[in-house]
Amino acid sequence: MPAFKDLPIKRKLSAVILSVCTLVLLLSSGAFVVNEYFASRRELANTVRTMTSIAADNSTAAIAFESRFDAQRTLQSLQADPRIIGAALFDAEGKLFAVYGRAAELPAKPPPLGLRFERDELTYTHAVSESGQRLGTLHVRASMEQIYAGLRTYLGIALGILIVSFVVAFLIATALRRRIAQPIMELAQTTREVSLNNNYAARATKHSDDELGQLTDSFNRMMARIQQSDLEAKRAQEEVRRLNEELEQRVARRTAELAQANKELEAFTYSVSHDLRAPLRHINGFAQMLEQEFSPSLPPEAKRLLGRIRLGARTMGQLVDDLLRLARVGRQQLMYQTWPLQDVVEQVIHELNAECDGRVIDWRVGQLPSVLCDIGLVRQVITNLLSNAVKYSRTRPTSVIEIGAMKEDGEHVISVRDNGVGFEMKYADKLFGVFQRLHRVEDFEGTGVGLAIVQRIVQKHGGRVWAESALGQGACFRFTLPERPPATEETR
Amino acid sequence: MAAVIISWIRGVSRAILARSRIWLVAAAVSLLVFSSSGSAQGTREYDLKAVFIFRFASFVEWPDSAFRSPDEPLVIGILGKDPFGGALEDVVRSETARNRPIQVRRFADIQDVRDCHILFVSRSEAGRVSQIVRALHGRPILLVSDIDRFPAEGGMIGFTTAESRVQLAINVASVRDAGLTVSSKLLRLARVIGG
C-alpha cells in the first residue's frame with residue numbers, strides 16, 4: 001500500500017472525509033455510550049435507592065411486630081422494577097427475616113449500609129427504622145444486565161449509523177471529488193499533455209473562481225506565453241534553416257561553376273596542346289625535309305638556323321607532350337593495383353642508363369616495398385625524379401643517386417637523393433609549380449613541367465611531396481604514398 | 001434520538017423480564033411464608049409481648065398534651081398482676097422512644113393510673129375491662145391487653161395468639177377517641193375493629 005502522501009488527490013480527499021466522518025462518529029458514539037452508561041447507572045442507583053427506601057419504610061411494622069407475611073408482601077413490591085433481582089430483610093439482631101428473589105445470592109448477614117457496584121450488580125443496603133428506632137436492615141440487589149444490553153443495542157445502532165454515515169460520506173466524498181479533484185486532475189492531464197507531446201496549445205478548463213480557478217488561469221496565461229515564445233523560437237529556427245539551405249545551394253552552385261570552369265580550362269589546355277602538335281610536326285617535318293633534300297646547296301649558316309628551328313620545334317613538342325600529360329593526370333581515374341617498386345625503379349634506371357652513355361652514375365637502391373597505387377602514374381613520378389637527379393648531377397665526375405624507402409605513420413616515404421647542384425631552400429616551394437625553373441635552360445634543359453606532374457600524381461594518391469637541399473650540396477626529394485588509398489578519390 | 005430508542009428497548013425488555021419474574025417471586029414468597037411461620041414458637045410469649053409493647057411507642061403518636069415537657073419520659077404502665085416478670089424492663093433498658101426515656105410503672109388499681117402513656121391491662125383485670133375503659137376514656141393512654149375481646153370491649157390493642165403466633169387487633173374508634181394516632185403500617189398488620 002502506498003504512503004498517504006503518494007496517493008492521488010481524489011483518494012486523499014475521500015480518505016480525509018471518510019476518516020474525519022468515522023472519527024467524529026466514533027467519538028460522538030463513544031461519548032454517548034459512556035454518558036448513557038453512567039446515566040443508566042445513576043438512574044438505576046436512584047431507582048434502587050428510592051424503592052429500597054420505600055420498601056424499608058413500609059417494612060418497619062412487619063419487622064417490629066414480626067409479621068413475615070407482611071414483610072414478604074412489602075418486599076414483593078420491589079418486583080415493580082424487574083432490574084431488582086433480589087432483596088433481603090434483616091431484623092434488629094441481624095437475622096434474615098424475609099427475602100425476595102434468588103435467596104442463594106443474598107448475604108446471610110446484613111452488609112454495611114450504602115450503595116455498591118459489584119461487577120454486574122448494584123447493591124444497596126438501607127437501615128429500617130421507625131421514629132428513630134432502628135428495627136433492621138434491607139439489602140437490595142439490582143442487575144446491570146439491562147444497562148449492558150442497552151449499551152450493546154446502542155453500540156449496534158451506532159455501528160449501523162456508522163455504516164450508513166460511511167456510505168453517505170463516501171457519496172459526499174465522490175461528489176466533492178468531482179468538485180475539487182476533477183479540476184486538479186484535468187490540470188495534471190493537461191500538463192502531462194504539454195510535457196509529453198510539447199503541445200503548447202493545450203489549455204486547462206476553468207471550473208470555478210477559487211484558488212483552483214486562479215491556478216488554472218495562471219497556468220493558461222503561462223502556457224500562452226510559452227506558446228508564443230515557442231512560436232518565435234520556431235520561426236527563428238526556420239529562418240536559420242532557410243538561410244543555411246540558401247547558403248548550401250549557393251555553395252553547390254559555386255562549386256559546380258568552379259568545376260565547370262576547371263573542366264573547361266583543362267579541355268582548353270588539352271585541345272590547345274593537341275592542336276598545337278600538328279603545326280609543330282609540320283614545322284619539324286618540313287625543316288627536316290629541307291635539311292635532307294637541300295643540304296648540299298644550303299650555306300652553313302642556313303643549316304645552323306634550320307637546326308635551331310628543329311630544336312625549337314622539338315622542344316615545343318616536348319613541352320606540349322608534358323602539358324598534355326599533366327592535363328591527363330588531372331582527368332584520369334586512378335587504377336589501383338599492388339606493384340613492387342623495386343622492379344619499377346630497376347626498369348627506369350635501365351632506361352636512363354641507355355640515354356646517358358659515357359657518364360659514371362653510382363646507383364644505390366635500397367629495399368623498396370610493394371605499394372598499392374596506379375603504377376603507370378607512379379612510374380612517371382619515379383622517372384621524373386630519377387631523370388632530374390641524373391640531369392642535375394651531371395657536373396659531378398661521379399653521380400651518386402640513392403633511392404630509399406621507409407614506413408612512417410601508415411605511409412610509405414620514398415626518397416631520391418643526388419649529389420648534384422642542389423638549390424636554395426628559400427625556393428623550395430616554387431619547385432613544384434608549372435614552368436617554375438631554378439636554373440637557366442642553357443645550363444639544364446627541361447620544360448619546367450616535370451615536378452608539377454610529380455606533385456599532381458602524388459597528391460592524387462593522397463600523398464605529399466617535398467624537397468630538401470642546399471646550393472651545391474645535392475638535393476633530396478621525398479614523396480609519400482598511403483598504405484591504404486583514401487576512401488573517396490578525387491575525380492577532378 | 002438514541003435515547004428514545006434506548007428507552008423503548010429497555011421498556012420492551014423490562015416487560016418480558018417482569019412476566020417471568022412474577023412466577024419466581026410468587027414461588028419464593030410462598031416458600032418463605034410457610035418456613036418462617038414456626039419461628040416464633042421458641043420465644044416466650046410475654047418476652048415477645050414486652051418487645052411489642054415497647055415498639056408500639058414508635059407506631060403511635062401522642063398529642064402534645066400527653067407530655068408536660070419535651071424530656072418527660074414515656075411511661076409504660078402495667079395494671080394488675082405483672083405477667084412479664086421483668087422482661088419489659090429488660091426490653092426498655094437504655095432505650096428511648098420518640099427521643100424520650102422510657103419508664104415502666106406498675107399500677108394495682110385503675111385509680112392509680114397517672115402520667116401513663118401505654119397501659120398494659122393484665123389478664124387479672126379481665127372482669128373489669130369496661131370499667132377501666134370508661135375510667136380512662138378520653139385520656140391519651142394506649143390501652144393494650146391480651147384479655148380476650150379486649151378491643152371489642154372498648155380497649156385499643158389486643159394480643160391474640162393463634163397458631164402460636166402473637167397477632168394484633170386494634171379498635172381504631174377507641175384509639176381515635178383517646179386522641180391518639182396509630183400508624184397505618186401498624187394497622188396493616190392488625191385486625192381492625194370499629195372505625
# chains A, B, ... in the order shown; residues from 1 in each chain; ligands from 1
$ closest_atom_pairs --of "chain A" --to "chain B" --cutoff "7 Å" --atoms "only C-alpha atoms" --output "Markdown table"
| residue | atom | partner | partner_atom | distance |
| --- | --- | --- | --- | --- |
| A:Asn58 | CA | B:Lys185 | CA | 6.7 |
| A:Ala61 | CA | B:Leu186 | CA | 5.5 |
| A:Ala64 | CA | B:Arg55 | CA | 6.4 |
| A:Phe65 | CA | B:Phe52 | CA | 6.2 |
| A:Arg68 | CA | B:Val33 | CA | 6.7 |
| A:Phe69 | CA | B:Val33 | CA | 6.0 |
| A:Asp70 | CA | B:Leu189 | CA | 6.8 |
| A:Gln72 | CA | B:Val29 | CA | 6.3 |
| A:Pro82 | CA | B:Ala18 | CA | 5.2 |
| A:Tyr100 | CA | B:Val25 | CA | 6.5 |
| A:Gly101 | CA | B:Val25 | CA | 5.6 |
| A:Glu130 | CA | B:Ser58 | CA | 6.0 |
| A:Ser131 | CA | B:Ser58 | CA | 5.4 |
| A:Gly132 | CA | B:Arg98 | CA | 6.9 |
| A:Gly150 | CA | B:Ile6 | CA | 6.1 |
| A:Tyr154 | CA | B:Ile6 | CA | 6.8 |
$ select_by_dssp --residues "stretch 92-163 of chain B" --states "alpha helix (DSSP H)" --output "PyMOL selection string"
chain B and resi 92+129-135
$ residues_around --residues "A:Ser165" --least-positions-apart "4" --cutoff "9 Å" --atoms "only C-alpha atoms" --output "list in words"
Leu18, Cys21, Thr22, Leu25, Gly160, Ile161, Ala169 and Phe170 of chain A
$ residues_around --residues "A:Ala475" --least-positions-apart "3" --cutoff "10 Å" --atoms "only C-alpha atoms" --output "CSV table (one decimal) with N, CA and C atoms, in the first residue's frame"
chain,number,residue,atom,x,y,z
A,389,ALA,N,67.5,13.8,-61.1
A,389,ALA,CA,68.7,13.5,-60.3
A,389,ALA,C,69.9,13.3,-61.3
A,392,TYR,N,70.7,16.9,-62.9
A,392,TYR,CA,71.4,18.0,-62.1
A,392,TYR,C,72.7,17.5,-61.5
A,393,SER,N,73.0,16.2,-61.7
A,393,SER,CA,74.3,15.8,-61.1
A,393,SER,C,75.3,15.5,-62.2
A,401,ILE,N,73.4,8.5,-56.8
A,401,ILE,CA,71.9,8.7,-56.7
A,401,ILE,C,71.4,7.5,-55.8
A,416,VAL,N,64.6,10.2,-53.0
A,416,VAL,CA,65.6,10.1,-54.1
A,416,VAL,C,66.6,11.2,-53.8
A,417,ARG,N,67.9,10.8,-53.5
A,417,ARG,CA,68.9,11.8,-53.2
A,417,ARG,C,70.0,11.8,-54.2
A,418,ASP,N,70.5,13.0,-54.6
A,418,ASP,CA,71.6,13.0,-55.5
A,418,ASP,C,72.7,13.9,-55.0
A,419,ASN,N,73.8,13.9,-55.7
A,419,ASN,CA,74.9,14.8,-55.2
A,419,ASN,C,75.1,15.9,-56.2
A,420,GLY,N,74.0,16.4,-56.8
A,420,GLY,CA,74.0,17.4,-57.9
A,420,GLY,C,74.2,18.8,-57.4
A,421,VAL,N,73.7,19.8,-58.2
A,421,VAL,CA,73.9,21.2,-57.9
A,421,VAL,C,73.1,21.7,-56.7
A,422,GLY,N,71.9,21.0,-56.5
A,422,GLY,CA,71.0,21.4,-55.4
A,422,GLY,C,70.4,22.8,-55.7
A,423,PHE,N,69.7,23.3,-54.7
A,423,PHE,CA,69.0,24.6,-54.9
A,423,PHE,C,68.9,25.3,-53.5
A,424,GLU,N,68.6,26.5,-53.6
A,424,GLU,CA,68.5,27.3,-52.3
A,424,GLU,C,67.1,27.0,-51.7
A,425,MET,N,67.1,26.7,-50.4
A,425,MET,CA,65.9,26.3,-49.7
A,425,MET,C,64.8,27.3,-49.8
A,467,ALA,N,61.0,18.7,-50.9
A,467,ALA,CA,62.5,18.6,-51.3
A,467,ALA,C,63.3,19.3,-50.3
A,468,GLU,N,64.5,18.8,-50.0
A,468,GLU,CA,65.5,19.5,-49.2
A,468,GLU,C,66.8,19.6,-49.9
A,469,SER,N,67.4,20.8,-49.7
A,469,SER,CA,68.7,20.9,-50.4
A,469,SER,C,69.4,22.1,-49.9
A,470,ALA,N,70.6,22.2,-50.4
A,470,ALA,CA,71.4,23.5,-50.2
A,470,ALA,C,72.2,23.6,-51.5
A,471,LEU,N,72.5,24.9,-51.8
A,471,LEU,CA,73.1,25.1,-53.1
A,471,LEU,C,74.5,24.4,-53.2
A,472,GLY,N,74.6,23.5,-54.2
A,472,GLY,CA,75.9,22.8,-54.4
A,472,GLY,C,76.0,21.6,-53.5
A,478,ARG,N,61.5,13.8,-51.5
A,478,ARG,CA,60.7,12.7,-50.8
A,478,ARG,C,59.3,12.8,-51.2
$ residues_around --residues "B:Asp90" --least-positions-apart "4" --cutoff "12 Å" --atoms "only C-alpha atoms" --output "list in words"
Tyr46, Asp47, Leu48, Ala50, Val51, Phe54, Phe84, Gly85, Gly86, Ser94, Glu95, Ile102, Gln103 and Val104 of chain B
$ residues_around --residues "A:Arg456" --least-positions-apart "6" --cutoff "9 Å" --atoms "only C-alpha atoms" --output "ChimeraX atom specification"
/A:326,329-330
$ write_last_selection --atoms "all heavy atoms" --output "mmCIF file, in the first residue's frame"
data_model
loop_
_atom_site.group_PDB
_atom_site.id
_atom_site.type_symbol
_atom_site.label_atom_id
_atom_site.label_comp_id
_atom_site.auth_asym_id
_atom_site.auth_seq_id
_atom_site.Cartn_x
_atom_site.Cartn_y
_atom_site.Cartn_z
ATOM 1 N N LEU A 326 50.272 16.335 -68.119
ATOM 2 C CA LEU A 326 49.782 16.995 -66.884
ATOM 3 C C LEU A 326 48.271 17.086 -66.891
ATOM 4 O O LEU A 326 47.596 16.791 -65.899
ATOM 5 C CB LEU A 326 50.411 18.390 -66.780
ATOM 6 C CG LEU A 326 50.072 19.197 -65.518
ATOM 7 C CD1 LEU A 326 50.671 18.510 -64.297
ATOM 8 C CD2 LEU A 326 50.603 20.612 -65.621
ATOM 9 N N VAL A 329 46.751 13.653 -66.296
ATOM 10 C CA VAL A 329 46.772 13.256 -64.875
ATOM 11 C C VAL A 329 45.555 13.838 -64.152
ATOM 12 O O VAL A 329 44.907 13.191 -63.347
ATOM 13 C CB VAL A 329 48.087 13.713 -64.209
ATOM 14 C CG1 VAL A 329 48.003 13.581 -62.697
ATOM 15 C CG2 VAL A 329 49.250 12.896 -64.732
ATOM 16 N N GLY A 330 45.273 15.090 -64.451
ATOM 17 C CA GLY A 330 44.110 15.738 -63.793
ATOM 18 C C GLY A 330 42.811 15.048 -64.120
ATOM 19 O O GLY A 330 41.950 14.928 -63.270
#
